[in-house]
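upload-v5.txt follows (compact mmCIF, C-alpha atoms):
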# COMPACT_ATOMS: atom_id res chain seq x y z
CA MET A 1 -27.85 -25.69 28.90
CA GLY A 2 -24.96 -23.32 28.38
CA PRO A 3 -21.34 -24.45 28.31
CA VAL A 4 -20.59 -23.01 31.76
CA VAL A 5 -23.53 -24.85 33.31
CA ARG A 6 -22.65 -28.07 31.47
CA LEU A 7 -19.03 -27.81 32.62
CA GLY A 8 -20.18 -27.14 36.18
CA ASN A 9 -22.43 -30.19 36.19
CA VAL A 10 -19.72 -32.39 34.66
CA ALA A 11 -17.26 -31.12 37.27
CA GLY A 12 -19.83 -31.74 40.01
CA ALA A 13 -20.58 -35.32 38.95
CA ALA A 14 -16.90 -36.13 38.36
CA GLY A 15 -15.96 -34.42 41.63
CA MET A 16 -18.45 -36.46 43.65
CA ALA A 17 -17.21 -39.66 41.98
CA THR A 18 -13.60 -38.68 42.72
CA ILE A 19 -14.42 -37.98 46.36
CA LEU A 20 -16.06 -41.39 46.69
CA LEU A 21 -13.14 -43.15 45.00
CA VAL A 22 -10.57 -41.30 47.15
CA ALA A 23 -12.46 -42.23 50.33
CA PHE A 24 -12.68 -45.80 49.08
CA GLY A 25 -8.97 -45.84 48.25
CA LEU A 26 -7.96 -44.36 51.61
CA GLN A 27 -10.09 -46.96 53.34
CA PHE A 28 -8.03 -49.74 51.83
CA GLY A 29 -4.72 -47.88 51.65
CA LEU A 30 -4.75 -46.85 55.31
CA LYS A 31 -6.74 -49.90 56.41
CA GLU A 32 -9.29 -47.64 58.10
CA LEU A 33 -12.83 -48.99 58.14
CA PRO A 34 -15.53 -46.31 57.72
CA CYS A 35 -17.81 -45.63 60.64
CA PRO A 36 -21.60 -45.39 60.15
CA LEU A 37 -21.39 -41.59 59.92
CA CYS A 38 -18.69 -41.92 57.25
CA ASN A 39 -20.96 -44.23 55.25
CA LEU A 40 -23.81 -41.73 55.55
CA GLN A 41 -21.52 -38.98 54.25
CA ARG A 42 -20.76 -41.19 51.26
CA VAL A 43 -24.50 -41.57 50.65
CA ALA A 44 -24.82 -37.79 50.70
CA PHE A 45 -22.03 -37.45 48.12
CA VAL A 46 -23.83 -40.00 45.94
CA LEU A 47 -27.06 -37.97 46.14
CA CYS A 48 -25.18 -34.81 45.19
CA GLY A 49 -23.50 -36.57 42.29
CA PHE A 50 -26.72 -37.98 40.89
CA GLY A 51 -28.35 -34.54 41.00
CA PHE A 52 -25.55 -33.25 38.78
CA LEU A 53 -25.85 -36.35 36.60
CA LEU A 54 -29.58 -35.84 36.09
CA ASN A 55 -28.84 -32.31 34.88
CA LEU A 56 -26.38 -33.68 32.36
CA ARG A 57 -28.77 -36.32 31.07
CA PHE A 58 -32.09 -34.45 31.07
CA GLY A 59 -31.07 -30.79 31.10
CA ALA A 60 -30.73 -28.34 33.99
CA GLN A 61 -33.87 -28.52 36.12
CA PRO A 62 -34.68 -27.09 39.56
CA LEU A 63 -35.74 -30.60 40.64
CA HIS A 64 -32.26 -31.95 39.93
CA TYR A 65 -30.59 -29.10 41.75
CA GLY A 66 -33.00 -29.73 44.61
CA LEU A 67 -31.77 -33.32 44.88
CA THR A 68 -28.20 -32.09 44.97
CA LEU A 69 -29.03 -29.52 47.65
CA LEU A 70 -30.89 -32.06 49.78
CA GLY A 71 -27.91 -34.41 49.53
CA ALA A 72 -25.55 -31.61 50.52
CA LEU A 73 -27.76 -30.55 53.45
CA PHE A 74 -27.97 -34.15 54.63
CA GLY A 75 -24.18 -34.38 54.34
CA LEU A 76 -23.77 -31.13 56.28
CA VAL A 77 -25.82 -32.50 59.14
CA VAL A 78 -23.99 -35.82 59.26
CA SER A 79 -20.47 -34.43 58.88
CA GLY A 80 -21.29 -31.57 61.26
CA ARG A 81 -22.41 -34.10 63.86
CA GLN A 82 -19.17 -36.02 63.47
CA VAL A 83 -17.09 -32.86 63.73
CA LEU A 84 -18.96 -31.90 66.91
CA LEU A 85 -18.38 -35.38 68.37
CA HIS A 86 -14.63 -34.87 68.10
CA ILE A 87 -14.29 -31.13 68.62
CA VAL A 88 -13.53 -31.25 72.34
CA PRO A 89 -9.78 -31.61 73.02
CA GLY A 90 -8.96 -35.06 74.33
CA SER A 91 -12.14 -36.63 72.97
CA GLY A 92 -10.20 -38.48 70.30
CA SER A 93 -10.83 -38.56 66.59
CA TYR A 94 -11.72 -41.05 63.90
CA GLY A 95 -9.03 -41.78 61.37
CA PRO A 96 -5.77 -39.98 60.67
CA PRO A 97 -5.80 -36.34 59.52
CA MET A 98 -5.22 -35.43 55.89
CA PHE A 99 -3.55 -32.07 55.26
CA GLY A 100 -4.23 -31.17 58.89
CA LEU A 101 -7.95 -32.01 58.88
CA HIS A 102 -9.86 -35.24 59.34
CA LEU A 103 -11.96 -36.57 56.48
CA TYR A 104 -15.23 -35.65 58.21
CA THR A 105 -14.04 -32.04 58.46
CA TRP A 106 -13.13 -32.08 54.77
CA SER A 107 -16.60 -33.46 54.08
CA LEU A 108 -18.20 -30.58 55.94
CA ILE A 109 -16.19 -28.09 53.88
CA LEU A 110 -17.02 -29.91 50.63
CA PHE A 111 -20.76 -29.95 51.37
CA PHE A 112 -20.65 -26.18 51.90
CA ALA A 113 -18.79 -25.90 48.58
CA VAL A 114 -21.46 -28.01 46.82
CA ILE A 115 -24.20 -25.71 48.09
CA ALA A 116 -22.30 -22.65 46.87
CA ALA A 117 -21.59 -24.28 43.49
CA VAL A 118 -25.25 -25.23 43.02
CA ALA A 119 -26.28 -21.65 43.80
CA VAL A 120 -23.91 -20.36 41.11
CA LEU A 121 -25.06 -23.01 38.60
CA MET A 122 -28.69 -22.14 39.25
CA ILE A 123 -27.96 -18.49 38.55
CA PHE A 124 -26.30 -19.37 35.24
CA SER A 125 -28.93 -21.97 34.32
CA GLY A 126 -31.70 -19.47 33.78
CA ARG A 127 -35.05 -20.98 32.91
CA PRO A 128 -35.69 -24.76 32.97
CA GLU A 129 -35.28 -26.57 29.66
CA HIS A 130 -38.77 -27.99 29.12
CA HIS A 131 -38.58 -27.59 25.35
CA ASN A 132 -35.80 -30.16 24.86
CA THR A 133 -36.71 -33.62 23.68
CA ASP A 134 -35.25 -36.70 25.31
CA HIS A 135 -33.39 -37.41 22.07
CA GLN A 136 -31.68 -34.01 22.13
CA ALA A 137 -30.61 -34.51 25.75
CA ALA A 138 -29.32 -38.01 24.96
CA LEU A 139 -27.23 -36.67 22.08
CA ARG A 140 -25.51 -34.21 24.44
CA PHE A 141 -24.86 -36.96 27.00
CA ARG A 142 -21.61 -38.34 25.64
CA GLY A 143 -17.89 -37.89 26.02
CA VAL A 144 -16.86 -36.42 29.35
CA SER A 145 -20.47 -36.38 30.60
CA ARG A 146 -20.83 -40.10 29.99
CA LEU A 147 -17.42 -40.78 31.56
CA ALA A 148 -18.46 -38.84 34.69
CA ALA A 149 -21.68 -40.87 34.79
CA TYR A 150 -19.89 -44.21 34.58
CA LEU A 151 -17.34 -43.12 37.16
CA LEU A 152 -20.07 -42.04 39.58
CA ILE A 153 -22.07 -45.23 39.05
CA ALA A 154 -18.97 -47.40 39.55
CA ALA A 155 -18.01 -45.52 42.72
CA THR A 156 -21.56 -45.82 44.04
CA LEU A 157 -21.75 -49.56 43.40
CA ALA A 158 -18.31 -50.15 44.91
CA ASN A 159 -19.23 -48.23 48.06
CA ALA A 160 -22.59 -50.02 48.34
CA ALA A 161 -20.91 -53.42 48.06
CA ASP A 162 -18.24 -52.39 50.56
CA SER A 163 -20.87 -51.18 53.03
CA PHE A 164 -22.74 -54.46 52.78
CA LEU A 165 -19.54 -56.47 53.28
CA LEU A 166 -18.66 -54.26 56.26
CA CYS A 167 -22.05 -54.18 58.00
CA GLY A 168 -24.07 -57.00 56.50
CA PRO A 169 -27.84 -56.81 56.62
CA ALA A 170 -27.81 -55.38 60.15
CA GLU A 171 -26.81 -52.08 61.69
CA CYS A 172 -23.10 -51.20 61.57
CA SER A 173 -21.13 -51.05 64.78
CA ASP A 174 -20.04 -47.61 65.99
CA ASN A 175 -16.37 -48.44 65.59
CA PRO A 176 -15.97 -51.31 63.13
CA THR A 177 -12.86 -53.45 63.56
CA SER A 178 -13.45 -56.02 60.84
CA TYR A 179 -15.74 -56.82 57.96
CA TRP A 180 -19.01 -58.61 58.72
CA ILE A 181 -18.38 -61.03 55.86
CA SER A 182 -15.05 -62.12 57.41
CA LYS A 183 -17.00 -64.13 60.00
CA TYR A 184 -18.23 -66.40 57.22
CA LEU A 185 -15.02 -66.77 55.25
CA PRO A 186 -12.52 -69.57 55.93
CA SER A 187 -9.43 -68.40 57.80

Kindly return the structure encoded in the file as structure tokens.
Amino acid sequence: MGPVVRLGNVAGAAGMATILLVAFGLQFGLKELPCPLCNLQRVAFVLCGFGFLLNLRFGAQPLHYGLTLLGALFGLVVSGRQVLLHIVPGSGSYGPPMFGLHLYTWSLILFFAVIAAVAVLMIFSGRPEHHNTDHQAALRFRGVSRLAAYLLIAATLANAADSFLLCGPAECSDNPTSYWISKYLPS
């Protein structure tokens, strides 16, 4: 894997982790609970991030880029649906805008950007790296690559725990007002 492709995959994994952590931080900072569509968008970012991470760990492979593209396409559908739910004037919106756009609109833009970035990375990747041994790939998986991996894993686990505390084992409500777990905690 060339340095441009490696840098692109590190940036992709770290970018997905950053997006998840920012969404997580805004959730608590603004005290805005994520809706089910917001949680699905987070799942799509996780899928995109792990596609980049697989490339870093095992070398650039079409299969890994495919996972990233499927995650981005899933995210496009979910965020596009949410944008269309709120596109009509007077229909309301979910959450406050950030830099003039709501988070679901930013998600839509970011999923388009992921697809474009994967296309560029695939062009620069060339042929799949089947000749590399697992040991060689593991030796390259350190430093910033490993930091991006840990950041993405931490963000994924934090969002999974938060989703369970918000929804519990059942389906989430359309407009959550409190955490599911709060029903079982002493006041």

List as a tab-separated table every residue of range 85-130 of chain A that is in contact with range 76-79 of chain A, defined as an atom at most 10 Å from one of its atoms (using only C-alpha atoms), together with the nearest atom pair and the distance in Å rounded to one decimal, sorted by chain and then rising number.
residue	atom	partner	partner_atom	distance
A:Leu85	CA	A:Ser79	CA	9.8
A:Leu103	CA	A:Ser79	CA	9.1
A:Tyr104	CA	A:Ser79	CA	5.4
A:Thr105	CA	A:Ser79	CA	6.9
A:Trp106	CA	A:Ser79	CA	8.7
A:Ser107	CA	A:Ser79	CA	6.2
A:Leu108	CA	A:Ser79	CA	5.3
A:Ile109	CA	A:Leu76	CA	8.5
A:Leu110	CA	A:Leu76	CA	8.9
A:Phe111	CA	A:Leu76	CA	5.9
A:Phe112	CA	A:Leu76	CA	7.3
A:Ile115	CA	A:Leu76	CA	9.8

Could you pull the residues within 12 Å of Gln27 in chain A, counting only C-alpha atoms, minus those fewer than 2 positions along the same chain, as an MDAnalysis selection string?
chainID A and resid 20:25 29:35 38:39 95:96 103 159 162:163 166

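In this model, the gap between CA of Gly12 in chain A and CA of Leu152 in chain A comes to 10.3 Å.
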
Distance query Ile153 in chain A at most 9 Å, only C-alpha atoms, self and fewer than 5 positions along chain excluded, as a count of residues only
5

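From CA of Gln41 in chain A back to CA of Phe99 in chain A, the distance works out to 19.3 Å.
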
Restricting the calculation to only C-alpha atoms: of A:Leu67, A:Ala170, A:Ala154, A:Ala60, which residue gets closest to Val4 in chain A?
A:Ala60
